[in-house]
>>> print(open('final-v5.cif').read())   # mmCIF, C-alpha atoms, pLDDT in the B column; chains and numbers go by the auth columns
data_target
#
loop_
_atom_site.group_PDB
_atom_site.id
_atom_site.type_symbol
_atom_site.label_atom_id
_atom_site.label_comp_id
_atom_site.label_asym_id
_atom_site.label_seq_id
_atom_site.Cartn_x
_atom_site.Cartn_y
_atom_site.Cartn_z
_atom_site.B_iso_or_equiv
_atom_site.auth_seq_id
_atom_site.auth_asym_id
ATOM 1 C CA MET A 1 -22.955 3.041 -10.893 46.00 1 A
ATOM 2 C CA ASN A 2 -20.100 1.339 -12.686 50.00 2 A
ATOM 3 C CA LYS A 3 -21.581 -0.993 -15.296 53.00 3 A
ATOM 4 C CA GLN A 4 -18.407 -3.085 -15.364 57.00 4 A
ATOM 5 C CA ASN A 5 -18.882 -4.080 -11.717 58.00 5 A
ATOM 6 C CA TYR A 6 -22.520 -5.139 -11.992 57.00 6 A
ATOM 7 C CA ARG A 7 -24.630 -7.417 -14.157 58.00 7 A
ATOM 8 C CA TYR A 8 -28.388 -7.054 -14.549 56.00 8 A
ATOM 9 C CA TRP A 9 -30.943 -9.804 -14.968 57.00 9 A
ATOM 10 C CA ALA A 10 -34.644 -9.535 -15.657 57.00 10 A
ATOM 11 C CA THR A 11 -36.429 -12.874 -15.978 63.00 11 A
ATOM 12 C CA GLU A 12 -40.060 -11.806 -16.281 67.00 12 A
ATOM 13 C CA ASN A 13 -40.415 -8.057 -16.056 64.00 13 A
ATOM 14 C CA PRO A 14 -37.826 -6.204 -18.148 60.00 14 A
ATOM 15 C CA GLN A 15 -38.495 -3.046 -16.112 63.00 15 A
ATOM 16 C CA GLU A 16 -37.548 -4.720 -12.835 62.00 16 A
ATOM 17 C CA LEU A 17 -33.798 -4.961 -12.473 60.00 17 A
ATOM 18 C CA HIS A 18 -31.905 -6.910 -9.863 59.00 18 A
ATOM 19 C CA HIS A 19 -28.263 -6.121 -9.580 64.00 19 A
ATOM 20 C CA ARG A 20 -25.627 -8.127 -7.838 68.00 20 A
ATOM 21 C CA PRO A 21 -21.960 -7.125 -7.442 66.00 21 A
ATOM 22 C CA LEU A 22 -19.479 -9.196 -9.420 64.00 22 A
ATOM 23 C CA HIS A 23 -17.008 -9.178 -6.546 65.00 23 A
ATOM 24 C CA SER A 24 -17.696 -10.099 -2.945 70.00 24 A
ATOM 25 C CA GLU A 25 -17.123 -7.621 -0.146 78.00 25 A
ATOM 26 C CA ARG A 26 -13.589 -7.470 1.102 85.00 26 A
ATOM 27 C CA LEU A 27 -11.775 -6.606 4.262 91.00 27 A
ATOM 28 C CA THR A 28 -8.322 -5.056 4.511 93.00 28 A
ATOM 29 C CA VAL A 29 -6.736 -5.649 7.901 96.00 29 A
ATOM 30 C CA TRP A 30 -3.350 -4.848 9.455 97.00 30 A
ATOM 31 C CA CYS A 31 -1.865 -6.519 12.510 97.00 31 A
ATOM 32 C CA GLY A 32 1.515 -6.516 14.149 96.00 32 A
ATOM 33 C CA ILE A 33 3.011 -9.243 16.276 96.00 33 A
ATOM 34 C CA ALA A 34 5.670 -9.000 18.963 96.00 34 A
ATOM 35 C CA SER A 35 6.739 -10.924 22.030 94.00 35 A
ATOM 36 C CA PHE A 36 4.265 -8.858 24.112 94.00 36 A
ATOM 37 C CA GLY A 37 1.274 -9.844 21.958 96.00 37 A
ATOM 38 C CA VAL A 38 -0.642 -8.928 18.841 97.00 38 A
ATOM 39 C CA LEU A 39 -1.113 -5.304 17.873 96.00 39 A
ATOM 40 C CA GLY A 40 -4.420 -4.772 16.146 95.00 40 A
ATOM 41 C CA PRO A 41 -6.485 -5.466 14.254 98.00 41 A
ATOM 42 C CA TYR A 42 -6.709 -2.245 12.283 98.00 42 A
ATOM 43 C CA PHE A 43 -9.213 -2.231 9.412 97.00 43 A
ATOM 44 C CA PHE A 44 -8.525 0.048 6.454 97.00 44 A
ATOM 45 C CA GLU A 45 -11.938 1.600 5.782 95.00 45 A
ATOM 46 C CA ASP A 46 -13.572 4.766 4.506 93.00 46 A
ATOM 47 C CA ASN A 47 -16.026 6.839 6.565 92.00 47 A
ATOM 48 C CA GLU A 48 -18.889 4.478 5.668 90.00 48 A
ATOM 49 C CA GLY A 49 -16.975 1.409 6.832 89.00 49 A
ATOM 50 C CA ALA A 50 -16.187 0.045 3.351 90.00 50 A
ATOM 51 C CA ALA A 51 -12.738 -1.445 2.777 92.00 51 A
ATOM 52 C CA VAL A 52 -10.280 0.738 0.912 93.00 52 A
ATOM 53 C CA THR A 53 -7.092 0.048 -0.982 93.00 53 A
ATOM 54 C CA VAL A 54 -4.083 0.720 1.201 95.00 54 A
ATOM 55 C CA THR A 55 -2.241 3.778 -0.057 96.00 55 A
ATOM 56 C CA SER A 56 0.739 5.444 1.563 97.00 56 A
ATOM 57 C CA GLU A 57 -1.661 8.059 2.998 97.00 57 A
ATOM 58 C CA CYS A 58 -3.816 5.342 4.598 97.00 58 A
ATOM 59 C CA TYR A 59 -0.735 3.558 5.881 98.00 59 A
ATOM 60 C CA VAL A 60 0.732 6.733 7.401 98.00 60 A
ATOM 61 C CA ALA A 61 -2.616 7.469 9.066 98.00 61 A
ATOM 62 C CA MET A 62 -2.632 3.958 10.544 98.00 62 A
ATOM 63 C CA LEU A 63 0.936 4.353 11.825 98.00 63 A
ATOM 64 C CA ARG A 64 0.238 7.752 13.404 98.00 64 A
ATOM 65 C CA ASN A 65 -3.317 7.201 14.669 98.00 65 A
ATOM 66 C CA PHE A 66 -3.228 3.540 15.644 98.00 66 A
ATOM 67 C CA CYS A 67 0.190 1.856 15.765 98.00 67 A
ATOM 68 C CA GLU A 68 2.152 4.514 17.650 97.00 68 A
ATOM 69 C CA PRO A 69 -0.593 5.327 20.213 98.00 69 A
ATOM 70 C CA GLU A 70 -1.252 1.613 20.798 97.00 70 A
ATOM 71 C CA LEU A 71 2.425 0.901 21.457 97.00 71 A
ATOM 72 C CA ARG A 72 2.660 3.864 23.836 96.00 72 A
ATOM 73 C CA HIS A 73 -0.574 2.772 25.583 96.00 73 A
ATOM 74 C CA ARG A 74 1.025 -0.622 26.235 95.00 74 A
ATOM 75 C CA GLY A 75 4.058 1.104 27.737 96.00 75 A
ATOM 76 C CA ILE A 76 6.406 0.027 24.941 95.00 76 A
ATOM 77 C CA ASP A 77 9.558 2.112 24.467 94.00 77 A
ATOM 78 C CA LEU A 78 9.571 2.783 20.707 94.00 78 A
ATOM 79 C CA SER A 79 13.366 2.998 20.655 92.00 79 A
ATOM 80 C CA SER A 80 13.503 -0.690 21.648 92.00 80 A
ATOM 81 C CA VAL A 81 11.157 -1.853 18.865 94.00 81 A
ATOM 82 C CA TRP A 82 12.349 -3.282 15.564 94.00 82 A
ATOM 83 C CA PHE A 83 9.630 -2.705 12.961 96.00 83 A
ATOM 84 C CA GLN A 84 9.525 -5.299 10.174 93.00 84 A
ATOM 85 C CA GLN A 85 7.269 -4.982 7.143 92.00 85 A
ATOM 86 C CA ASP A 86 6.953 -6.399 3.658 87.00 86 A
ATOM 87 C CA GLY A 87 7.838 -4.494 0.517 84.00 87 A
ATOM 88 C CA ALA A 88 4.349 -3.354 -0.456 89.00 88 A
ATOM 89 C CA THR A 89 4.431 -0.056 -2.313 92.00 89 A
ATOM 90 C CA ALA A 90 2.328 1.737 0.312 95.00 90 A
ATOM 91 C CA HIS A 91 4.718 0.528 3.025 94.00 91 A
ATOM 92 C CA THR A 92 7.895 1.641 1.280 94.00 92 A
ATOM 93 C CA ALA A 93 6.681 4.950 -0.164 96.00 93 A
ATOM 94 C CA ARG A 94 8.704 7.994 0.882 96.00 94 A
ATOM 95 C CA ALA A 95 5.948 9.305 3.153 97.00 95 A
ATOM 96 C CA SER A 96 5.580 5.942 4.915 97.00 96 A
ATOM 97 C CA MET A 97 9.305 5.406 5.339 96.00 97 A
ATOM 98 C CA SER A 98 9.731 8.950 6.657 96.00 98 A
ATOM 99 C CA VAL A 99 7.150 8.337 9.395 97.00 99 A
ATOM 100 C CA LEU A 100 8.659 4.943 10.224 97.00 100 A
ATOM 101 C CA GLN A 101 12.162 6.431 10.470 95.00 101 A
ATOM 102 C CA GLU A 102 10.802 9.042 12.851 96.00 102 A
ATOM 103 C CA MET A 103 9.002 6.424 14.983 97.00 103 A
ATOM 104 C CA PHE A 104 11.667 3.679 14.903 96.00 104 A
ATOM 105 C CA PRO A 105 15.006 5.373 14.085 94.00 105 A
ATOM 106 C CA GLN A 106 17.506 2.858 12.667 94.00 106 A
ATOM 107 C CA HIS A 107 15.181 0.001 13.676 95.00 107 A
ATOM 108 C CA ILE A 108 13.305 -0.696 10.445 95.00 108 A
ATOM 109 C CA ILE A 109 13.494 -3.999 8.613 92.00 109 A
ATOM 110 C CA SER A 110 12.094 -3.402 5.135 92.00 110 A
ATOM 111 C CA ARG A 111 13.019 -2.883 1.527 88.00 111 A
ATOM 112 C CA GLY A 112 14.982 0.376 1.258 85.00 112 A
ATOM 113 C CA SER A 113 15.551 0.733 5.004 88.00 113 A
ATOM 114 C CA ASP A 114 18.176 0.300 7.716 81.00 114 A
ATOM 115 C CA VAL A 115 18.053 -3.474 7.341 85.00 115 A
ATOM 116 C CA PRO A 116 17.204 -4.369 3.727 80.00 116 A
ATOM 117 C CA TRP A 117 14.649 -7.152 3.511 80.00 117 A
ATOM 118 C CA LEU A 118 13.393 -9.251 0.658 74.00 118 A
ATOM 119 C CA ALA A 119 9.805 -8.541 -0.316 68.00 119 A
ATOM 120 C CA HIS A 120 8.939 -12.242 -0.498 70.00 120 A
ATOM 121 C CA SER A 121 10.289 -13.885 2.641 78.00 121 A
ATOM 122 C CA PRO A 122 7.240 -15.417 4.373 75.00 122 A
ATOM 123 C CA ASP A 123 9.392 -17.961 6.224 80.00 123 A
ATOM 124 C CA LEU A 124 10.980 -15.012 8.056 87.00 124 A
ATOM 125 C CA SER A 125 7.907 -12.961 8.863 89.00 125 A
ATOM 126 C CA ALA A 126 5.944 -13.848 12.006 92.00 126 A
ATOM 127 C CA CYS A 127 2.691 -12.538 10.533 92.00 127 A
ATOM 128 C CA ASP A 128 3.121 -14.795 7.503 89.00 128 A
ATOM 129 C CA TYR A 129 4.321 -17.998 9.146 89.00 129 A
ATOM 130 C CA PHE A 130 2.059 -17.769 12.174 93.00 130 A
ATOM 131 C CA LEU A 131 -0.545 -15.036 12.565 95.00 131 A
ATOM 132 C CA TRP A 132 -2.487 -15.073 9.278 94.00 132 A
ATOM 133 C CA GLY A 133 -2.756 -18.856 9.164 93.00 133 A
ATOM 134 C CA HIS A 134 -3.705 -19.066 12.841 95.00 134 A
ATOM 135 C CA LEU A 135 -6.415 -16.425 12.424 96.00 135 A
ATOM 136 C CA LYS A 136 -7.852 -18.063 9.304 95.00 136 A
ATOM 137 C CA SER A 137 -8.010 -21.432 11.032 95.00 137 A
ATOM 138 C CA ARG A 138 -9.871 -19.939 14.007 96.00 138 A
ATOM 139 C CA VAL A 139 -11.994 -17.189 12.439 96.00 139 A
ATOM 140 C CA PHE A 140 -13.692 -19.303 9.798 93.00 140 A
ATOM 141 C CA ILE A 141 -14.860 -21.955 12.288 94.00 141 A
ATOM 142 C CA SER A 142 -17.849 -19.710 13.029 92.00 142 A
ATOM 143 C CA LYS A 143 -18.528 -19.234 9.284 94.00 143 A
ATOM 144 C CA PRO A 144 -19.017 -15.446 9.301 94.00 144 A
ATOM 145 C CA ARG A 145 -21.566 -14.372 6.676 91.00 145 A
ATOM 146 C CA THR A 146 -21.021 -10.617 6.686 91.00 146 A
ATOM 147 C CA THR A 147 -17.969 -8.390 6.904 91.00 147 A
ATOM 148 C CA ALA A 148 -19.229 -7.178 10.297 93.00 148 A
ATOM 149 C CA GLU A 149 -19.272 -10.777 11.582 95.00 149 A
ATOM 150 C CA LEU A 150 -15.834 -11.387 10.056 95.00 150 A
ATOM 151 C CA LYS A 151 -14.387 -8.275 11.724 96.00 151 A
ATOM 152 C CA GLN A 152 -15.879 -9.257 15.080 97.00 152 A
ATOM 153 C CA SER A 153 -14.514 -12.782 14.779 97.00 153 A
ATOM 154 C CA ILE A 154 -11.031 -11.462 13.953 97.00 154 A
ATOM 155 C CA LYS A 155 -11.125 -9.167 16.991 97.00 155 A
ATOM 156 C CA GLU A 156 -12.280 -11.987 19.283 97.00 156 A
ATOM 157 C CA GLU A 157 -9.615 -14.426 18.074 97.00 157 A
ATOM 158 C CA ILE A 158 -6.786 -11.909 18.410 97.00 158 A
ATOM 159 C CA VAL A 159 -7.723 -11.123 22.015 96.00 159 A
ATOM 160 C CA VAL A 160 -7.440 -14.782 23.058 97.00 160 A
ATOM 161 C CA ILE A 161 -3.962 -15.412 21.613 97.00 161 A
ATOM 162 C CA PRO A 162 -1.847 -15.921 24.746 96.00 162 A
ATOM 163 C CA GLU A 163 1.271 -13.796 25.215 95.00 163 A
ATOM 164 C CA GLN A 164 3.162 -17.045 25.727 97.00 164 A
ATOM 165 C CA ASN A 165 2.346 -18.014 22.122 96.00 165 A
ATOM 166 C CA THR A 166 3.547 -14.717 20.674 96.00 166 A
ATOM 167 C CA ARG A 167 6.720 -14.956 22.755 96.00 167 A
ATOM 168 C CA GLN A 168 7.370 -18.440 21.334 96.00 168 A
ATOM 169 C CA VAL A 169 6.639 -17.205 17.803 95.00 169 A
ATOM 170 C CA MET A 170 9.217 -14.443 18.167 95.00 170 A
ATOM 171 C CA GLU A 171 11.772 -16.863 19.632 94.00 171 A
ATOM 172 C CA ASN A 172 11.121 -19.084 16.619 91.00 172 A
ATOM 173 C CA LEU A 173 11.874 -16.109 14.366 90.00 173 A
ATOM 174 C CA GLY A 174 15.400 -16.003 15.823 89.00 174 A
ATOM 175 C CA VAL A 175 15.810 -19.722 15.151 88.00 175 A
ATOM 176 C CA ARG A 176 14.543 -19.241 11.591 87.00 176 A
ATOM 177 C CA LEU A 177 16.970 -16.374 10.953 86.00 177 A
ATOM 178 C CA GLN A 178 19.930 -18.395 12.227 87.00 178 A
ATOM 179 C CA HIS A 179 18.871 -21.377 10.124 84.00 179 A
ATOM 180 C CA CYS A 180 18.521 -19.154 7.057 83.00 180 A
ATOM 181 C CA LEU A 181 22.046 -17.761 7.554 83.00 181 A
ATOM 182 C CA ARG A 182 23.520 -21.268 7.966 85.00 182 A
ATOM 183 C CA ASN A 183 21.600 -22.381 4.889 81.00 183 A
ATOM 184 C CA GLY A 184 22.992 -19.596 2.698 80.00 184 A
ATOM 185 C CA GLY A 185 19.629 -17.842 2.371 77.00 185 A
ATOM 186 C CA ARG A 186 17.854 -20.818 0.802 74.00 186 A
ATOM 187 C CA HIS A 187 14.400 -22.094 1.794 73.00 187 A
ATOM 188 C CA LEU A 188 13.989 -23.342 5.318 71.00 188 A
ATOM 189 C CA SER A 189 13.693 -27.047 5.950 69.00 189 A
ATOM 190 C CA ASP A 190 10.563 -28.719 7.254 59.00 190 A
ATOM 191 C CA VAL A 191 12.124 -29.177 10.686 50.00 191 A
ATOM 192 C CA LEU A 192 11.100 -25.625 11.572 51.00 192 A
ATOM 193 C CA PHE A 193 7.452 -26.179 10.792 51.00 193 A
ATOM 194 C CA LYS A 194 6.267 -27.968 13.891 51.00 194 A
ATOM 195 C CA THR A 195 2.591 -28.523 14.596 46.00 195 A
#
>>> encode(input="final-v5.cif", output="structure tokens")
Amino acid sequence: MNKQNYRYWATENPQELHHRPLHSERLTVWCGIASFGVLGPYFFEDNEGAAVTVTSECYVAMLRNFCEPELRHRGIDLSSVWFQQDGATAHTARASMSVLQEMFPQHIISRGSDVPWLAHSPDLSACDYFLWGHLKSRVFISKPRTTAELKQSIKEEIVVIPEQNTRQVMENLGVRLQHCLRNGGRHLSDVLFKT
């Protein structure tokens, strides 16, 4: 047991120890979004179901064992897919980029790829400007108390996102990109953020 992660209290009986973690449980989830819908969720976990830090090995495993089979199951031609990701170290590691280049040749939008992309461009990432906020607004209505409840709520909310919504989100991405180019790469104006 790591003493730095736990604190011990004994109010009456010094032999009876109650420990409580300093940090709450966490969940590490990956999703993709495209005009045909939401891909995922995929939870990064160990064999016991505990969340793990995303390393390039974990990311490659997700790409090979979840992302690629899921796209093929949906009948998606991988050569027609443009794969956009942020600049997280696990995403841009050599092993990860090698797998992505194999899966989506010359169709990667990321730092150090076919189409270089800024690491911090949330206005131009559909997951950032739509999906994560939408999920948070829906998932926490039910006030999940455990990670199992949280995972179930995420799964349920993703399933009910209509394809029409994801199609509109991706069309909006095109509008955002054009606006960004006209604006010289500066922040997008509020006119794009419709409710």
>>> closest_residue(input="final-v5.cif", among="A:Val99, A:Ile33, A:Cys127, A:Val169", to="Val81 (chain A)", atoms="all atoms listed in the file")
A:Ile33
>>> resolve_selection(input="final-v5.cif", expression="the PyMOL selection byres ((chain A and resi 97) around 12)", output="number ranges by chain")
A: 56-57, 59-60, 63, 83-85, 87-96, 98-114
>>> write_last_selection(input="final-v5.cif", atoms="C-alpha atoms", output="compact mmCIF listing (two decimals), in the frame of the given file")
# COMPACT_ATOMS: atom_id res chain seq x y z
CA SER A 56 0.74 5.44 1.56
CA GLU A 57 -1.66 8.06 3.00
CA TYR A 59 -0.74 3.56 5.88
CA VAL A 60 0.73 6.73 7.40
CA LEU A 63 0.94 4.35 11.82
CA PHE A 83 9.63 -2.70 12.96
CA GLN A 84 9.52 -5.30 10.17
CA GLN A 85 7.27 -4.98 7.14
CA GLY A 87 7.84 -4.49 0.52
CA ALA A 88 4.35 -3.35 -0.46
CA THR A 89 4.43 -0.06 -2.31
CA ALA A 90 2.33 1.74 0.31
CA HIS A 91 4.72 0.53 3.02
CA THR A 92 7.90 1.64 1.28
CA ALA A 93 6.68 4.95 -0.16
CA ARG A 94 8.70 7.99 0.88
CA ALA A 95 5.95 9.30 3.15
CA SER A 96 5.58 5.94 4.92
CA SER A 98 9.73 8.95 6.66
CA VAL A 99 7.15 8.34 9.40
CA LEU A 100 8.66 4.94 10.22
CA GLN A 101 12.16 6.43 10.47
CA GLU A 102 10.80 9.04 12.85
CA MET A 103 9.00 6.42 14.98
CA PHE A 104 11.67 3.68 14.90
CA PRO A 105 15.01 5.37 14.08
CA GLN A 106 17.51 2.86 12.67
CA HIS A 107 15.18 0.00 13.68
CA ILE A 108 13.30 -0.70 10.44
CA ILE A 109 13.49 -4.00 8.61
CA SER A 110 12.09 -3.40 5.14
CA ARG A 111 13.02 -2.88 1.53
CA GLY A 112 14.98 0.38 1.26
CA SER A 113 15.55 0.73 5.00
CA ASP A 114 18.18 0.30 7.72
>>> atom_distance(input="final-v5.cif", atom1="CA of Trp30 (chain A)", atom2="CA of Leu118 (chain A)")
19.4 Å
>>> resolve_selection(input="final-v5.cif", expression="the PyMOL selection byres ((chain A and resi 151) around 10)", output="list in words")
Leu27, Thr28, Val29, Pro41, Tyr42, Phe43, Val139, Pro144, Thr146, Thr147, Ala148, Glu149, Leu150, Gln152, Ser153, Ile154, Lys155 and Glu156 of chain A
>>> closest_residue(input="final-v5.cif", among="A:Lys143, A:Leu39, A:Val52, A:Asp128", to="His73 (chain A)", atoms="only C-alpha atoms")
A:Leu39
>>> atom_distance(input="final-v5.cif", atom1="CA of Ile158 (chain A)", atom2="CA of Ser125 (chain A)")
17.6 Å
>>> atom_distance(input="final-v5.cif", atom1="CA of Ala61 (chain A)", atom2="CA of Glu48 (chain A)")
16.9 Å
>>> residues_near_point(input="final-v5.cif", point="(4.9, -10.6, 16.2)", cutoff="8 Å", atoms="only C-alpha atoms", output="ChimeraX atom specification")
/A:32-35,37-38,126-127,131,166,169-170
>>> residues_around(input="final-v5.cif", residues="His179 (chain A)", least_positions_apart="2", cutoff="12 Å", atoms="only C-alpha atoms", output="list in words")
Asp123, Leu124, Asn172, Leu173, Gly174, Val175, Arg176, Leu177, Leu181, Arg182, Asn183, Gly184, Gly185, Arg186, His187, Leu188, Ser189, Asp190, Val191 and Leu192 of chain A
>>> closest_residue(input="final-v5.cif", among="A:Trp82, A:Cys58, A:Glu157, A:Gly75", to="Lys136 (chain A)", atoms="only C-alpha atoms")
A:Glu157
>>> closest_residue(input="final-v5.cif", among="A:Cys67, A:Arg72, A:Ser121, A:Val159", to="Leu135 (chain A)", atoms="all atoms listed in the file")
A:Val159
>>> axis_aligned_box(input="final-v5.cif", around="region 119-127 of chain A", padding_each_side="6 Å", output="lines of an AutoDock Vina configuration file")
center_x = 6.8
center_y = -13.3
center_z = 5.8
size_x = 20.3
size_y = 21.4
size_z = 24.5
>>> closest_residue(input="final-v5.cif", among="A:Glu25, A:Asp77, A:Asp86, A:Glu70", to="His120 (chain A)", atoms="only C-alpha atoms")
A:Asp86
>>> closest_residue(input="final-v5.cif", among="A:Phe44, A:Phe66, A:Phe130, A:Trp117", to="Arg167 (chain A)", atoms="only C-alpha atoms")
A:Phe130
>>> build_atoms(input="final-v5.cif", residues="region 160-182 of chain A", atoms="N, CA and C atoms", output="PDB file, in the coordinates of the input")
ATOM      1  N   VAL A 160      -7.694 -13.556  22.298  1.00 97.00           N
ATOM      2  CA  VAL A 160      -7.440 -14.782  23.058  1.00 97.00           C
ATOM      3  C   VAL A 160      -6.101 -15.448  22.735  1.00 97.00           C
ATOM      4  N   ILE A 161      -5.292 -14.852  21.868  1.00 97.00           N
ATOM      5  CA  ILE A 161      -3.962 -15.412  21.613  1.00 97.00           C
ATOM      6  C   ILE A 161      -3.098 -15.112  22.837  1.00 97.00           C
ATOM      7  N   PRO A 162      -2.627 -16.143  23.521  1.00 96.00           N
ATOM      8  CA  PRO A 162      -1.847 -15.921  24.746  1.00 96.00           C
ATOM      9  C   PRO A 162      -0.494 -15.274  24.449  1.00 96.00           C
ATOM     10  N   GLU A 163      -0.041 -14.433  25.358  1.00 95.00           N
ATOM     11  CA  GLU A 163       1.271 -13.796  25.215  1.00 95.00           C
ATOM     12  C   GLU A 163       2.377 -14.841  25.125  1.00 95.00           C
ATOM     13  N   GLN A 164       2.181 -15.958  25.789  1.00 97.00           N
ATOM     14  CA  GLN A 164       3.162 -17.045  25.727  1.00 97.00           C
ATOM     15  C   GLN A 164       3.345 -17.513  24.282  1.00 97.00           C
ATOM     16  N   ASN A 165       2.259 -17.597  23.525  1.00 96.00           N
ATOM     17  CA  ASN A 165       2.346 -18.014  22.122  1.00 96.00           C
ATOM     18  C   ASN A 165       3.135 -17.009  21.291  1.00 96.00           C
ATOM     19  N   THR A 166       2.842 -15.719  21.477  1.00 96.00           N
ATOM     20  CA  THR A 166       3.547 -14.717  20.674  1.00 96.00           C
ATOM     21  C   THR A 166       5.028 -14.666  21.062  1.00 96.00           C
ATOM     22  N   ARG A 167       5.324 -14.898  22.333  1.00 96.00           N
ATOM     23  CA  ARG A 167       6.720 -14.956  22.755  1.00 96.00           C
ATOM     24  C   ARG A 167       7.439 -16.114  22.068  1.00 96.00           C
ATOM     25  N   GLN A 168       6.777 -17.281  22.003  1.00 96.00           N
ATOM     26  CA  GLN A 168       7.370 -18.440  21.334  1.00 96.00           C
ATOM     27  C   GLN A 168       7.529 -18.203  19.831  1.00 96.00           C
ATOM     28  N   VAL A 169       6.566 -17.526  19.235  1.00 95.00           N
ATOM     29  CA  VAL A 169       6.639 -17.205  17.803  1.00 95.00           C
ATOM     30  C   VAL A 169       7.858 -16.328  17.529  1.00 95.00           C
ATOM     31  N   MET A 170       8.084 -15.337  18.373  1.00 95.00           N
ATOM     32  CA  MET A 170       9.217 -14.443  18.167  1.00 95.00           C
ATOM     33  C   MET A 170      10.548 -15.145  18.451  1.00 95.00           C
ATOM     34  N   GLU A 171      10.566 -16.061  19.406  1.00 94.00           N
ATOM     35  CA  GLU A 171      11.772 -16.863  19.632  1.00 94.00           C
ATOM     36  C   GLU A 171      12.048 -17.732  18.413  1.00 94.00           C
ATOM     37  N   ASN A 172      10.986 -18.267  17.830  1.00 91.00           N
ATOM     38  CA  ASN A 172      11.121 -19.084  16.619  1.00 91.00           C
ATOM     39  C   ASN A 172      11.659 -18.261  15.455  1.00 91.00           C
ATOM     40  N   LEU A 173      11.337 -16.971  15.418  1.00 90.00           N
ATOM     41  CA  LEU A 173      11.874 -16.109  14.366  1.00 90.00           C
ATOM     42  C   LEU A 173      13.395 -16.079  14.441  1.00 90.00           C
ATOM     43  N   GLY A 174      13.939 -15.976  15.656  1.00 89.00           N
ATOM     44  CA  GLY A 174      15.400 -16.003  15.823  1.00 89.00           C
ATOM     45  C   GLY A 174      15.999 -17.300  15.313  1.00 89.00           C
ATOM     46  N   VAL A 175      15.353 -18.413  15.623  1.00 88.00           N
ATOM     47  CA  VAL A 175      15.810 -19.722  15.151  1.00 88.00           C
ATOM     48  C   VAL A 175      15.765 -19.764  13.621  1.00 88.00           C
ATOM     49  N   ARG A 176      14.687 -19.260  13.047  1.00 87.00           N
ATOM     50  CA  ARG A 176      14.543 -19.241  11.591  1.00 87.00           C
ATOM     51  C   ARG A 176      15.643 -18.400  10.932  1.00 87.00           C
ATOM     52  N   LEU A 177      15.930 -17.243  11.513  1.00 86.00           N
ATOM     53  CA  LEU A 177      16.970 -16.374  10.953  1.00 86.00           C
ATOM     54  C   LEU A 177      18.336 -17.053  10.996  1.00 86.00           C
ATOM     55  N   GLN A 178      18.655 -17.690  12.121  1.00 87.00           N
ATOM     56  CA  GLN A 178      19.930 -18.395  12.227  1.00 87.00           C
ATOM     57  C   GLN A 178      20.007 -19.539  11.218  1.00 87.00           C
ATOM     58  N   HIS A 179      18.919 -20.261  11.068  1.00 84.00           N
ATOM     59  CA  HIS A 179      18.871 -21.377  10.124  1.00 84.00           C
ATOM     60  C   HIS A 179      19.050 -20.868   8.695  1.00 84.00           C
ATOM     61  N   CYS A 180      18.417 -19.752   8.389  1.00 83.00           N
ATOM     62  CA  CYS A 180      18.521 -19.154   7.057  1.00 83.00           C
ATOM     63  C   CYS A 180      19.969 -18.755   6.762  1.00 83.00           C
ATOM     64  N   LEU A 181      20.646 -18.150   7.739  1.00 83.00           N
ATOM     65  CA  LEU A 181      22.046 -17.761   7.554  1.00 83.00           C
ATOM     66  C   LEU A 181      22.932 -18.984   7.327  1.00 83.00           C
ATOM     67  N   ARG A 182      22.734 -20.033   8.137  1.00 85.00           N
ATOM     68  CA  ARG A 182      23.520 -21.268   7.966  1.00 85.00           C
ATOM     69  C   ARG A 182      23.245 -21.929   6.635  1.00 85.00           C
TER      70      ARG A 182
END
